[in-house]
$ cat work_7.json   # JSON, C-alpha atoms
[["chain", "number", "residue", "atom", "x", "y", "z"],
["A", 13, "MET", "CA", -12.13, -22.93, 16.31],
["A", 14, "GLN", "CA", -12.06, -24.02, 12.70],
["A", 15, "LEU", "CA", -11.92, -21.10, 10.30],
["A", 16, "ASN", "CA", -14.33, -21.15, 7.40],
["A", 17, "LEU", "CA", -12.14, -20.14, 4.45],
["A", 18, "ASP", "CA", -15.04, -19.07, 2.26],
["A", 19, "ALA", "CA", -16.26, -16.83, 5.06],
["A", 20, "VAL", "CA", -12.76, -15.38, 5.53],
["A", 21, "PHE", "CA", -12.37, -14.56, 1.84],
["A", 22, "SER", "CA", -15.77, -12.96, 1.48],
["A", 23, "ALA", "CA", -15.16, -11.04, 4.71],
["A", 24, "LEU", "CA", -11.88, -9.70, 3.28],
["A", 25, "ALA", "CA", -13.43, -8.88, -0.11],
["A", 26, "ASP", "CA", -15.09, -5.71, 1.16],
["A", 27, "PRO", "CA", -12.96, -2.55, 1.50],
["A", 28, "THR", "CA", -15.00, -1.24, 4.46],
["A", 29, "ARG", "CA", -14.43, -4.47, 6.34],
["A", 30, "ARG", "CA", -10.72, -4.31, 5.59],
["A", 31, "ALA", "CA", -10.67, -0.75, 6.91],
["A", 32, "ILE", "CA", -12.54, -1.86, 10.05],
["A", 33, "LEU", "CA", -9.96, -4.60, 10.56],
["A", 34, "ALA", "CA", -7.16, -2.08, 10.11],
["A", 35, "ARG", "CA", -8.82, 0.13, 12.72],
["A", 36, "LEU", "CA", -9.24, -2.76, 15.16],
["A", 37, "ALA", "CA", -5.61, -3.72, 14.60],
["A", 38, "LYS", "CA", -4.70, -0.54, 16.48],
["A", 39, "HIS", "CA", -7.08, -0.88, 19.39],
["A", 40, "GLU", "CA", -10.32, -2.60, 20.32],
["A", 41, "ALA", "CA", -13.45, -0.53, 19.70],
["A", 42, "THR", "CA", -17.19, -0.61, 20.23],
["A", 43, "VAL", "CA", -19.76, -0.33, 17.44],
["A", 44, "THR", "CA", -20.36, 3.29, 18.46],
["A", 45, "GLU", "CA", -16.66, 4.08, 18.27],
["A", 46, "LEU", "CA", -16.48, 2.51, 14.80],
["A", 47, "THR", "CA", -19.59, 4.28, 13.52],
["A", 48, "GLU", "CA", -18.10, 7.76, 13.67],
["A", 49, "PRO", "CA", -14.86, 7.40, 11.65],
["A", 50, "PHE", "CA", -16.53, 5.27, 8.99],
["A", 51, "GLU", "CA", -19.47, 7.65, 8.57],
["A", 52, "MET", "CA", -21.86, 4.74, 8.54],
["A", 53, "SER", "CA", -25.03, 3.91, 10.40],
["A", 54, "GLN", "CA", -24.74, 1.73, 13.47],
["A", 55, "PRO", "CA", -26.71, -1.14, 11.86],
["A", 56, "ALA", "CA", -24.38, -1.05, 8.82],
["A", 57, "VAL", "CA", -21.29, -1.26, 11.03],
["A", 58, "SER", "CA", -22.92, -4.04, 13.07],
["A", 59, "GLN", "CA", -23.64, -5.96, 9.89],
["A", 60, "HIS", "CA", -19.99, -5.73, 8.78],
["A", 61, "LEU", "CA", -18.84, -6.80, 12.26],
["A", 62, "LYS", "CA", -21.18, -9.78, 12.14],
["A", 63, "VAL", "CA", -19.56, -10.95, 8.91],
["A", 64, "LEU", "CA", -16.08, -10.47, 10.42],
["A", 65, "GLU", "CA", -17.08, -12.34, 13.59],
["A", 66, "GLU", "CA", -18.57, -15.23, 11.63],
["A", 67, "ALA", "CA", -15.33, -15.43, 9.67],
["A", 68, "GLY", "CA", -13.42, -15.73, 12.95],
["A", 69, "LEU", "CA", -11.42, -12.54, 12.39],
["A", 70, "VAL", "CA", -13.08, -10.44, 15.11],
["A", 71, "ALA", "CA", -14.29, -11.30, 18.60],
["A", 72, "ARG", "CA", -16.19, -9.38, 21.23],
["A", 73, "ARG", "CA", -15.83, -9.20, 24.99],
["A", 74, "VAL", "CA", -18.21, -7.98, 27.67],
["A", 75, "ASP", "CA", -17.28, -4.82, 29.54],
["A", 76, "GLY", "CA", -20.31, -3.75, 31.57],
["A", 77, "ALA", "CA", -22.87, -2.56, 29.05],
["A", 78, "LYS", "CA", -20.22, -2.34, 26.32],
["A", 79, "ARG", "CA", -19.21, -5.03, 23.84],
["A", 80, "PRO", "CA", -15.82, -3.93, 22.50],
["A", 81, "ARG", "CA", -14.60, -5.81, 19.40],
["A", 82, "ARG", "CA", -11.01, -6.87, 18.89],
["A", 83, "LEU", "CA", -9.02, -8.81, 16.33],
["A", 84, "THR", "CA", -8.59, -12.53, 16.97],
["A", 85, "HIS", "CA", -5.21, -14.22, 16.43],
["A", 86, "GLU", "CA", -6.47, -15.15, 12.98],
["A", 87, "GLY", "CA", -7.46, -11.53, 12.34],
["A", 88, "VAL", "CA", -3.98, -10.36, 13.34],
["A", 89, "ASP", "CA", -2.43, -12.97, 11.03],
["A", 90, "ALA", "CA", -4.65, -11.79, 8.19],
["A", 91, "MET", "CA", -3.58, -8.16, 8.73],
["A", 92, "ASP", "CA", 0.10, -9.21, 8.83],
["A", 93, "GLU", "CA", -0.43, -11.13, 5.64],
["A", 94, "TRP", "CA", -1.94, -8.05, 3.98],
["A", 95, "LEU", "CA", 0.94, -5.85, 5.02],
["A", 96, "GLY", "CA", 3.25, -8.54, 3.67],
["A", 97, "THR", "CA", 1.32, -8.49, 0.40],
["A", 98, "LEU", "CA", 1.60, -4.71, 0.14],
["A", 99, "ARG", "CA", 5.33, -4.93, 0.84],
["A", 100, "LYS", "CA", 5.62, -7.61, -1.82],
["A", 101, "ALA", "CA", 3.78, -5.52, -4.42],
["A", 102, "LEU", "CA", 6.10, -2.58, -3.73],
["A", 103, "GLU", "CA", 9.14, -4.84, -3.65],
["A", 104, "THR", "CA", 8.21, -6.29, -7.04],
["A", 105, "ASN", "CA", 8.33, -2.76, -8.46],
["A", 106, "TYR", "CA", 11.64, -2.01, -6.79],
["A", 107, "GLU", "CA", 13.18, -5.23, -8.09],
["A", 108, "ARG", "CA", 12.18, -4.10, -11.58],
["A", 109, "LEU", "CA", 13.75, -0.71, -10.82],
["A", 110, "ASP", "CA", 16.98, -2.49, -9.75],
["A", 111, "GLY", "CA", 17.11, -3.94, -13.25],
["A", 112, "VAL", "CA", 16.46, -0.56, -14.88],
["A", 113, "LEU", "CA", 19.19, 1.07, -12.76],
["A", 114, "ALA", "CA", 21.66, -1.71, -13.58],
["A", 115, "THR", "CA", 21.12, -0.95, -17.28],
["A", 116, "MET", "CA", 21.55, 2.80, -16.65],
["A", 117, "ASN", "CA", 24.77, 2.09, -14.71],
["A", 118, "ARG", "CA", 26.20, 0.27, -17.72],
["A", 119, "GLN", "CA", 25.49, 3.15, -20.10],
["A", 120, "PRO", "CA", 28.43, 5.55, -20.39],
["A", 121, "PRO", "CA", 27.58, 9.06, -19.19],
["A", 122, "LYS", "CA", 26.50, 11.37, -22.00],
["A", 123, "LYS", "CA", 29.10, 13.88, -23.10],
["A", 124, "GLY", "CA", 28.32, 17.58, -23.21],
["A", 125, "ARG", "CA", 25.17, 17.10, -21.08],
["A", 126, "GLU", "CA", 22.95, 18.12, -23.99],
["A", 127, "ARG", "CA", 19.25, 18.46, -23.27],
["B", 7, "MET", "CA", 21.10, -6.26, 0.68],
["B", 8, "SER", "CA", 18.49, -3.74, -0.41],
["B", 9, "GLN", "CA", 15.82, -4.59, 2.14],
["B", 10, "MET", "CA", 12.71, -2.46, 1.85],
["B", 11, "THR", "CA", 11.01, -1.24, 4.99],
["B", 12, "LEU", "CA", 7.41, -0.10, 5.27],
["B", 13, "ARG", "CA", 6.14, 1.28, 8.53],
["B", 14, "THR", "CA", 3.53, 3.61, 9.91],
["B", 15, "GLU", "CA", 4.41, 6.63, 12.03],
["B", 16, "GLY", "CA", 2.04, 8.56, 14.27],
["B", 17, "GLU", "CA", -1.58, 8.68, 13.16],
["B", 18, "THR", "CA", -1.20, 9.70, 9.54],
["B", 19, "HIS", "CA", 2.22, 8.80, 8.12],
["B", 20, "VAL", "CA", 3.54, 5.86, 6.16],
["B", 21, "ILE", "CA", 7.30, 5.60, 5.65],
["B", 22, "VAL", "CA", 8.93, 3.46, 2.97],
["B", 23, "THR", "CA", 12.70, 3.10, 2.63],
["B", 24, "ARG", "CA", 14.73, 1.19, 0.06],
["B", 25, "ARG", "CA", 18.39, 1.11, -0.97],
["B", 26, "PHE", "CA", 19.39, 1.00, -4.63],
["B", 27, "ALA", "CA", 22.76, 0.06, -6.14],
["B", 28, "ALA", "CA", 23.00, 3.23, -8.25],
["B", 29, "ALA", "CA", 23.91, 6.86, -7.71],
["B", 30, "PRO", "CA", 21.20, 9.33, -6.57],
["B", 31, "HIS", "CA", 20.95, 11.06, -9.97],
["B", 32, "LEU", "CA", 20.03, 7.77, -11.62],
["B", 33, "VAL", "CA", 17.43, 6.82, -9.00],
["B", 34, "TYR", "CA", 15.99, 10.33, -9.23],
["B", 35, "ARG", "CA", 15.77, 10.06, -13.02],
["B", 36, "ALA", "CA", 14.04, 6.69, -12.78],
["B", 37, "HIS", "CA", 11.38, 8.42, -10.66],
["B", 38, "THR", "CA", 10.85, 11.44, -12.93],
["B", 39, "ASP", "CA", 11.44, 10.29, -16.54],
["B", 40, "PRO", "CA", 8.14, 8.93, -17.96],
["B", 41, "LYS", "CA", 9.93, 6.51, -20.31],
["B", 42, "LEU", "CA", 11.72, 4.98, -17.33],
["B", 43, "ILE", "CA", 8.73, 5.06, -14.96],
["B", 44, "GLN", "CA", 6.72, 3.01, -17.48],
["B", 45, "THR", "CA", 9.27, 0.22, -17.25],
["B", 46, "TRP", "CA", 9.04, -0.45, -13.53],
["B", 47, "LEU", "CA", 6.13, 1.24, -11.71],
["B", 48, "LEU", "CA", 3.67, -1.47, -12.66],
["B", 49, "GLY", "CA", 2.41, -3.47, -9.69],
["B", 50, "PRO", "CA", 1.38, -7.08, -10.18],
["B", 51, "ASP", "CA", 2.67, -9.10, -13.15],
["B", 52, "GLY", "CA", 0.66, -8.55, -16.30],
["B", 53, "TRP", "CA", -0.16, -4.89, -15.62],
["B", 54, "THR", "CA", 1.17, -2.12, -17.85],
["B", 55, "MET", "CA", 1.14, 1.68, -17.78],
["B", 56, "PRO", "CA", 0.05, 2.85, -21.24],
["B", 57, "VAL", "CA", -0.25, 6.50, -20.13],
["B", 58, "CYS", "CA", 2.52, 8.19, -18.15],
["B", 59, "ILE", "CA", 2.60, 11.95, -17.80],
["B", 60, "ASN", "CA", 5.26, 13.30, -15.46],
["B", 61, "GLU", "CA", 6.10, 17.01, -15.66],
["B", 62, "ALA", "CA", 8.99, 17.17, -13.23],
["B", 63, "LYS", "CA", 8.83, 20.85, -12.29],
["B", 64, "PRO", "CA", 7.00, 22.80, -9.56],
["B", 65, "GLY", "CA", 3.30, 22.83, -10.47],
["B", 66, "GLY", "CA", 3.89, 20.04, -13.02],
["B", 67, "ARG", "CA", 1.24, 17.38, -13.54],
["B", 68, "ILE", "CA", 1.45, 13.67, -12.84],
["B", 69, "ARG", "CA", -0.88, 11.15, -14.44],
["B", 70, "TYR", "CA", -0.32, 7.38, -14.49],
["B", 71, "GLU", "CA", -2.86, 4.99, -16.03],
["B", 72, "TRP", "CA", -2.57, 1.27, -15.39],
["B", 73, "THR", "CA", -4.37, -1.58, -17.12],
["B", 74, "ASP", "CA", -4.32, -5.36, -16.83],
["B", 75, "GLY", "CA", -5.08, -5.68, -20.56],
["B", 76, "LYS", "CA", -8.37, -7.40, -19.76],
["B", 77, "GLY", "CA", -10.52, -4.36, -19.20],
["B", 78, "ARG", "CA", -9.55, -3.60, -15.62],
["B", 79, "GLY", "CA", -7.61, -0.51, -14.74],
["B", 80, "PHE", "CA", -7.23, 2.55, -12.55],
["B", 81, "HIS", "CA", -5.26, 5.75, -12.59],
["B", 82, "LEU", "CA", -3.37, 8.17, -10.39],
["B", 83, "THR", "CA", -3.15, 11.94, -10.68],
["B", 84, "GLY", "CA", -0.93, 14.38, -8.83],
["B", 85, "GLU", "CA", 1.00, 17.61, -8.87],
["B", 86, "TYR", "CA", 4.57, 18.52, -8.04],
["B", 87, "PHE", "CA", 5.28, 21.15, -5.40],
["B", 88, "ASP", "CA", 9.04, 21.16, -5.22],
["B", 89, "LEU", "CA", 11.95, 19.31, -6.82],
["B", 90, "ARG", "CA", 15.59, 19.51, -5.84],
["B", 91, "PRO", "CA", 17.66, 17.42, -8.30],
["B", 92, "TYR", "CA", 18.81, 14.83, -7.30],
["B", 93, "SER", "CA", 17.96, 14.77, -3.62],
["B", 94, "ARG", "CA", 14.32, 15.62, -2.89],
["B", 95, "ILE", "CA", 10.86, 15.58, -4.48],
["B", 96, "VAL", "CA", 7.65, 16.87, -2.88],
["B", 97, "HIS", "CA", 4.36, 16.06, -4.57],
["B", 98, "VAL", "CA", 0.74, 15.18, -3.88],
["B", 99, "GLU", "CA", -1.09, 12.22, -5.41],
["B", 100, "ARG", "CA", -4.42, 10.45, -5.31],
["B", 101, "MET", "CA", -5.75, 7.22, -6.80],
["B", 102, "HIS", "CA", -8.94, 7.03, -8.86],
["B", 103, "PHE", "CA", -10.99, 3.83, -8.58],
["B", 104, "PRO", "CA", -12.58, 5.80, -10.30],
["B", 105, "ASP", "CA", -13.63, 7.95, -7.31],
["B", 106, "PRO", "CA", -10.58, 9.84, -6.06],
["B", 107, "THR", "CA", -8.99, 8.86, -2.76],
["B", 108, "PRO", "CA", -8.02, 11.66, -0.36],
["B", 109, "ASP", "CA", -4.74, 13.45, -1.16],
["B", 110, "ASN", "CA", -1.54, 11.71, -0.20],
["B", 111, "HIS", "CA", 1.31, 14.20, 0.35],
["B", 112, "VAL", "CA", 4.64, 12.57, -0.41],
["B", 113, "GLU", "CA", 8.16, 13.72, 0.33],
["B", 114, "THR", "CA", 10.79, 11.55, -1.38],
["B", 115, "THR", "CA", 14.47, 11.94, -0.55],
["B", 116, "PHE", "CA", 17.49, 10.34, -2.24],
["B", 117, "GLU", "CA", 20.64, 10.11, -0.16],
["B", 118, "ALA", "CA", 24.01, 8.87, -1.37],
["B", 119, "ASP", "CA", 25.03, 5.75, 0.54],
["B", 120, "GLY", "CA", 28.45, 4.52, -0.57],
["B", 121, "ASP", "CA", 28.08, 3.86, -4.28],
["B", 122, "GLY", "CA", 24.32, 3.51, -3.90],
["B", 123, "THR", "CA", 21.29, 5.49, -2.81],
["B", 124, "VAL", "CA", 18.91, 5.25, 0.10],
["B", 125, "MET", "CA", 15.44, 6.42, -0.90],
["B", 126, "THR", "CA", 12.95, 7.45, 1.78],
["B", 127, "MET", "CA", 9.30, 8.12, 0.96],
["B", 128, "ARG", "CA", 7.35, 9.85, 3.67],
["B", 129, "MET", "CA", 3.62, 9.85, 2.97],
["B", 130, "THR", "CA", 1.17, 12.00, 4.90],
["B", 131, "LEU", "CA", -2.53, 11.17, 4.78],
["B", 132, "PRO", "CA", -5.27, 13.53, 5.99],
["B", 133, "ASP", "CA", -6.30, 11.30, 8.90],
["B", 134, "ALA", "CA", -5.92, 7.85, 10.45],
["B", 135, "LYS", "CA", -9.00, 6.48, 8.70],
["B", 136, "THR", "CA", -7.66, 7.45, 5.29],
["B", 137, "ARG", "CA", -4.33, 5.86, 6.08],
["B", 138, "ALA", "CA", -6.01, 2.61, 7.13],
["B", 139, "ALA", "CA", -8.07, 2.64, 3.94],
["B", 140, "MET", "CA", -4.99, 3.34, 1.80],
["B", 141, "LEU", "CA", -3.07, 0.47, 3.33],
["B", 142, "ALA", "CA", -6.11, -1.78, 2.89],
["B", 143, "THR", "CA", -6.47, -0.74, -0.76],
["B", 144, "GLY", "CA", -2.79, -1.13, -1.55],
["B", 145, "MET", "CA", -2.95, -4.58, -0.11],
["B", 146, "GLU", "CA", -5.80, -5.41, -2.41],
["B", 147, "THR", "CA", -3.73, -4.97, -5.58],
["B", 148, "GLY", "CA", -1.58, -7.94, -4.71],
["B", 149, "MET", "CA", -4.31, -9.87, -2.99],
["B", 150, "GLU", "CA", -5.56, -12.02, -5.81],
["B", 151, "ALA", "CA", -2.16, -13.55, -6.32],
["B", 152, "SER", "CA", -1.74, -14.06, -2.61],
["B", 153, "TYR", "CA", -5.02, -15.84, -1.95],
["B", 154, "ALA", "CA", -3.22, -19.15, -2.27],
["B", 155, "ARG", "CA", -0.62, -18.06, 0.29],
["B", 156, "LEU", "CA", -3.29, -16.64, 2.57],
["B", 157, "GLU", "CA", -5.15, -19.89, 2.36],
["B", 158, "GLY", "CA", -2.01, -21.80, 3.36],
["B", 159, "MET", "CA", -1.41, -19.42, 6.24],
["B", 160, "ILE", "CA", -4.92, -19.67, 7.60],
["B", 161, "THR", "CA", -5.05, -23.42, 7.18],
["B", 162, "SER", "CA", -1.82, -23.89, 9.12],
["B", 163, "SER", "CA", -2.78, -21.42, 11.83],
["B", 164, "SER", "CA", -6.18, -23.05, 12.29],
["B", 165, "HIS", "CA", -4.38, -26.38, 12.70],
["B", 166, "ASP", "CA", -2.11, -24.82, 15.29],
["B", 167, "ARG", "CA", -5.02, -23.35, 17.12],
["B", 168, "SER", "CA", -7.67, -25.98, 16.56],
["B", 169, "HIS", "CA", -8.17, -26.11, 20.34],
["B", 170, "VAL", "CA", -9.04, -22.39, 20.55]]
$ encode --input "work_7.json" --output "structure tokens"
Amino acid sequence: MQLNLDAVFSALADPTRRAILARLAKHEATVTELTEPFEMSQPAVSQHLKVLEEAGLVARRVDGAKRPRRLTHEGVDAMDEWLGTLRKALETNYERLDGVLATMNRQPPKKGRER
Amino acid sequence: MSQMTLRTEGETHVIVTRRFAAAPHLVYRAHTDPKLIQTWLLGPDGWTMPVCINEAKPGGRIRYEWTDGKGRGFHLTGEYFDLRPYSRIVHVERMHFPDPTPDNHVETTFEADGDGTVMTMRMTLPDAKTRAAMLATGMETGMEASYARLEGMITSSSHDRSHV
């Protein structure tokens, strides 16, 4: 399947859809199961899932009368990439802090510990 | 050398660890002195923290305001519960976008490790949904810059899996 990049980016642009992806990253879930934690109507959740499915990030399977949704490989990759991005944002801060600490290490300790 | 780890634990925790090449009292100070916090707790390049209030005492207030200098910004508020110099800090914080996110309870410990310090931040969110949303939101801050990388990743994976 060829991913439509525009569809992927607009699918990821919405915080609710990112939260739905994060939820599906843990375990597959039906629309009903997703409706409750997100405090949204079933049609609203279905609409978000439709966008995610069209972007190739989520797929459904048939289980009797149920249609549980799960992340596709591409959806898993996207979640990994996000976690990587979060790590990178934090790591950027900590690299700055390394620099600050290196400067503090070079300063001689204050005498008399005045406050 | 100072590899950061970020992992989830149980339904509601996020654990971050990082080693620093400085003694615990210095790392602790860098987390509680507003003048120092403003120099590193900034997020993506180009963002600054013009307002930094950090009253490092039980009941003390925390307020950080970030801006990208182009009209976009958000802030964080919090309160300290307990501080044990230079080994442990317990506080609560929430982001404002501008609506406040649910409270994030954070326990930060600083442990001497040779001539350095291992910092461990243990965050507790009210429920699994909030944690998922927090991770998703945190990811967003660095997302713009990473679109190019994401694009590369998706392009290569769709080549790999073009038969799927």
$ closest_residue --input "work_7.json" --among "A:Gln119, A:Thr28, A:Ser58, A:Thr44" --to "chain B" --atoms "all atoms listed in the file"
A:Thr28
$ atom_distance --input "work_7.json" --atom1 "atom CA of A:Val43" --atom2 "atom CA of B:Met129"
29.3 Å
$ closest_residue --input "work_7.json" --among "A:Ala23, A:Ala34, A:Val63, A:Ala41" --to "chain B" --atoms "only C-alpha atoms"
A:Ala34
$ residues_around --input "work_7.json" --residues "B:Asp109" --least-positions-apart "5" --cutoff "7 Å" --atoms "all atoms listed in the file" --output "ChimeraX atom specification"
/B:98-100,131
$ write_last_selection --input "work_7.json" --atoms "C-alpha atoms" --output "compact mmCIF listing (two decimals), in the frame of the given file"
# COMPACT_ATOMS: atom_id res chain seq x y z
CA VAL B 98 0.74 15.18 -3.88
CA GLU B 99 -1.09 12.22 -5.41
CA ARG B 100 -4.42 10.45 -5.31
CA LEU B 131 -2.53 11.17 4.78
$ closest_residue --input "work_7.json" --among "B:Gly77, B:Asn60, B:Ala134, B:Gly66" --to "chain A" --atoms "all atoms listed in the file"
B:Ala134
$ closest_residue --input "work_7.json" --among "A:Pro120, A:Pro55, A:Gly87, A:Pro49" --to "chain B" --atoms "all atoms listed in the file"
A:Pro49
$ residues_around --input "work_7.json" --residues "stretch 37-40 of chain A" --least-positions-apart "5" --cutoff "8 Å" --atoms "all atoms listed in the file" --output "list in words"
Pro80, Arg81, Arg82, Leu83, Val88 and Met91 of chain A
$ atom_distance --input "work_7.json" --atom1 "atom CA of A:Leu33" --atom2 "atom CA of A:Arg79"
16.2 Å
$ atom_distance --input "work_7.json" --atom1 "atom CA of B:Met125" --atom2 "atom CA of B:Leu32"
11.7 Å
$ closest_residue --input "work_7.json" --among "A:His60, A:Asp26, A:Met52, A:Arg72" --to "chain B" --atoms "only C-alpha atoms"
A:Asp26
$ residues_around --input "work_7.json" --residues "A:Ser22" --least-positions-apart "6" --cutoff "10 Å" --atoms "only C-alpha atoms" --output "short mmCIF file (atom, residue, chain, number, x, y, z; two decimals) with C-alpha atoms, in the frame of the given file"
data_model
loop_
_atom_site.label_atom_id
_atom_site.label_comp_id
_atom_site.auth_asym_id
_atom_site.auth_seq_id
_atom_site.Cartn_x
_atom_site.Cartn_y
_atom_site.Cartn_z
CA ARG A 29 -14.43 -4.47 6.34
CA VAL A 63 -19.56 -10.95 8.91
CA LEU A 64 -16.08 -10.47 10.42
CA ALA A 67 -15.33 -15.43 9.67
#
$ residues_near_point --input "work_7.json" --point "(1.3, 5.7, -20.3)" --cutoff "7 Å" --atoms "only C-alpha atoms" --output "PyMOL selection string"
chain B and resi 44+55-59+70-71
$ write_last_selection --input "work_7.json" --atoms "C-alpha atoms" --output "CSV table (one decimal), keeping the file's coordinate frame"
chain,number,residue,atom,x,y,z
B,44,GLN,CA,6.7,3.0,-17.5
B,55,MET,CA,1.1,1.7,-17.8
B,56,PRO,CA,0.0,2.8,-21.2
B,57,VAL,CA,-0.2,6.5,-20.1
B,58,CYS,CA,2.5,8.2,-18.2
B,59,ILE,CA,2.6,12.0,-17.8
B,70,TYR,CA,-0.3,7.4,-14.5
B,71,GLU,CA,-2.9,5.0,-16.0
$ decode --input "work_7.json" --residues "stretch 67-88 of chain A" --atoms "N, CA and C atoms" --output "tab-separated table (two decimals), in the first residue's frame"
chain	number	residue	atom	x	y	z
A	67	ALA	N	-5.37	7.33	6.00
A	67	ALA	CA	-3.95	7.69	6.01
A	67	ALA	C	-3.06	6.44	6.09
A	68	GLY	N	-3.69	5.27	6.29
A	68	GLY	CA	-2.92	4.04	6.33
A	68	GLY	C	-2.31	3.74	7.69
A	69	LEU	N	-2.71	4.49	8.72
A	69	LEU	CA	-2.11	4.31	10.05
A	69	LEU	C	-2.88	3.30	10.90
A	70	VAL	N	-4.15	3.09	10.56
A	70	VAL	CA	-5.02	2.20	11.33
A	70	VAL	C	-5.74	1.26	10.37
A	71	ALA	N	-5.91	0.02	10.80
A	71	ALA	CA	-6.66	-0.96	10.00
A	71	ALA	C	-7.70	-1.63	10.88
A	72	ARG	N	-8.69	-2.23	10.26
A	72	ARG	CA	-9.70	-2.93	11.04
A	72	ARG	C	-9.70	-4.40	10.65
A	73	ARG	N	-10.14	-5.26	11.59
A	73	ARG	CA	-10.36	-6.65	11.23
A	73	ARG	C	-11.76	-7.02	11.66
A	74	VAL	N	-12.23	-8.16	11.16
A	74	VAL	CA	-13.59	-8.60	11.44
A	74	VAL	C	-13.53	-9.68	12.51
A	75	ASP	N	-14.29	-9.46	13.59
A	75	ASP	CA	-14.34	-10.43	14.67
A	75	ASP	C	-15.81	-10.59	15.04
A	76	GLY	N	-16.50	-11.50	14.33
A	76	GLY	CA	-17.94	-11.62	14.52
A	76	GLY	C	-18.60	-10.32	14.12
A	77	ALA	N	-19.38	-9.76	15.05
A	77	ALA	CA	-20.06	-8.49	14.77
A	77	ALA	C	-19.15	-7.30	15.04
A	78	LYS	N	-17.98	-7.56	15.63
A	78	LYS	CA	-17.08	-6.45	16.00
A	78	LYS	C	-16.10	-6.14	14.87
A	79	ARG	N	-15.62	-4.90	14.90
A	79	ARG	CA	-14.61	-4.46	13.93
A	79	ARG	C	-13.47	-3.78	14.68
A	80	PRO	N	-12.69	-4.55	15.44
A	80	PRO	CA	-11.62	-3.90	16.21
A	80	PRO	C	-10.58	-3.24	15.30
A	81	ARG	N	-10.12	-2.04	15.73
A	81	ARG	CA	-9.09	-1.30	14.98
A	81	ARG	C	-7.74	-1.55	15.63
A	82	ARG	N	-6.72	-1.58	14.79
A	82	ARG	CA	-5.35	-1.72	15.31
A	82	ARG	C	-4.42	-0.82	14.51
A	83	LEU	N	-3.24	-0.60	15.03
A	83	LEU	CA	-2.24	0.17	14.28
A	83	LEU	C	-1.68	-0.70	13.17
A	84	THR	N	-1.42	-0.11	12.02
A	84	THR	CA	-0.68	-0.80	10.96
A	84	THR	C	0.82	-0.67	11.27
A	85	HIS	N	1.65	-1.36	10.47
A	85	HIS	CA	3.10	-1.18	10.62
A	85	HIS	C	3.47	0.29	10.54
A	86	GLU	N	2.84	0.97	9.58
A	86	GLU	CA	3.14	2.39	9.39
A	86	GLU	C	2.71	3.20	10.61
A	87	GLY	N	1.57	2.81	11.22
A	87	GLY	CA	1.11	3.48	12.42
A	87	GLY	C	2.09	3.29	13.57
A	88	VAL	N	2.60	2.05	13.70
A	88	VAL	CA	3.59	1.77	14.74
A	88	VAL	C	4.85	2.60	14.52
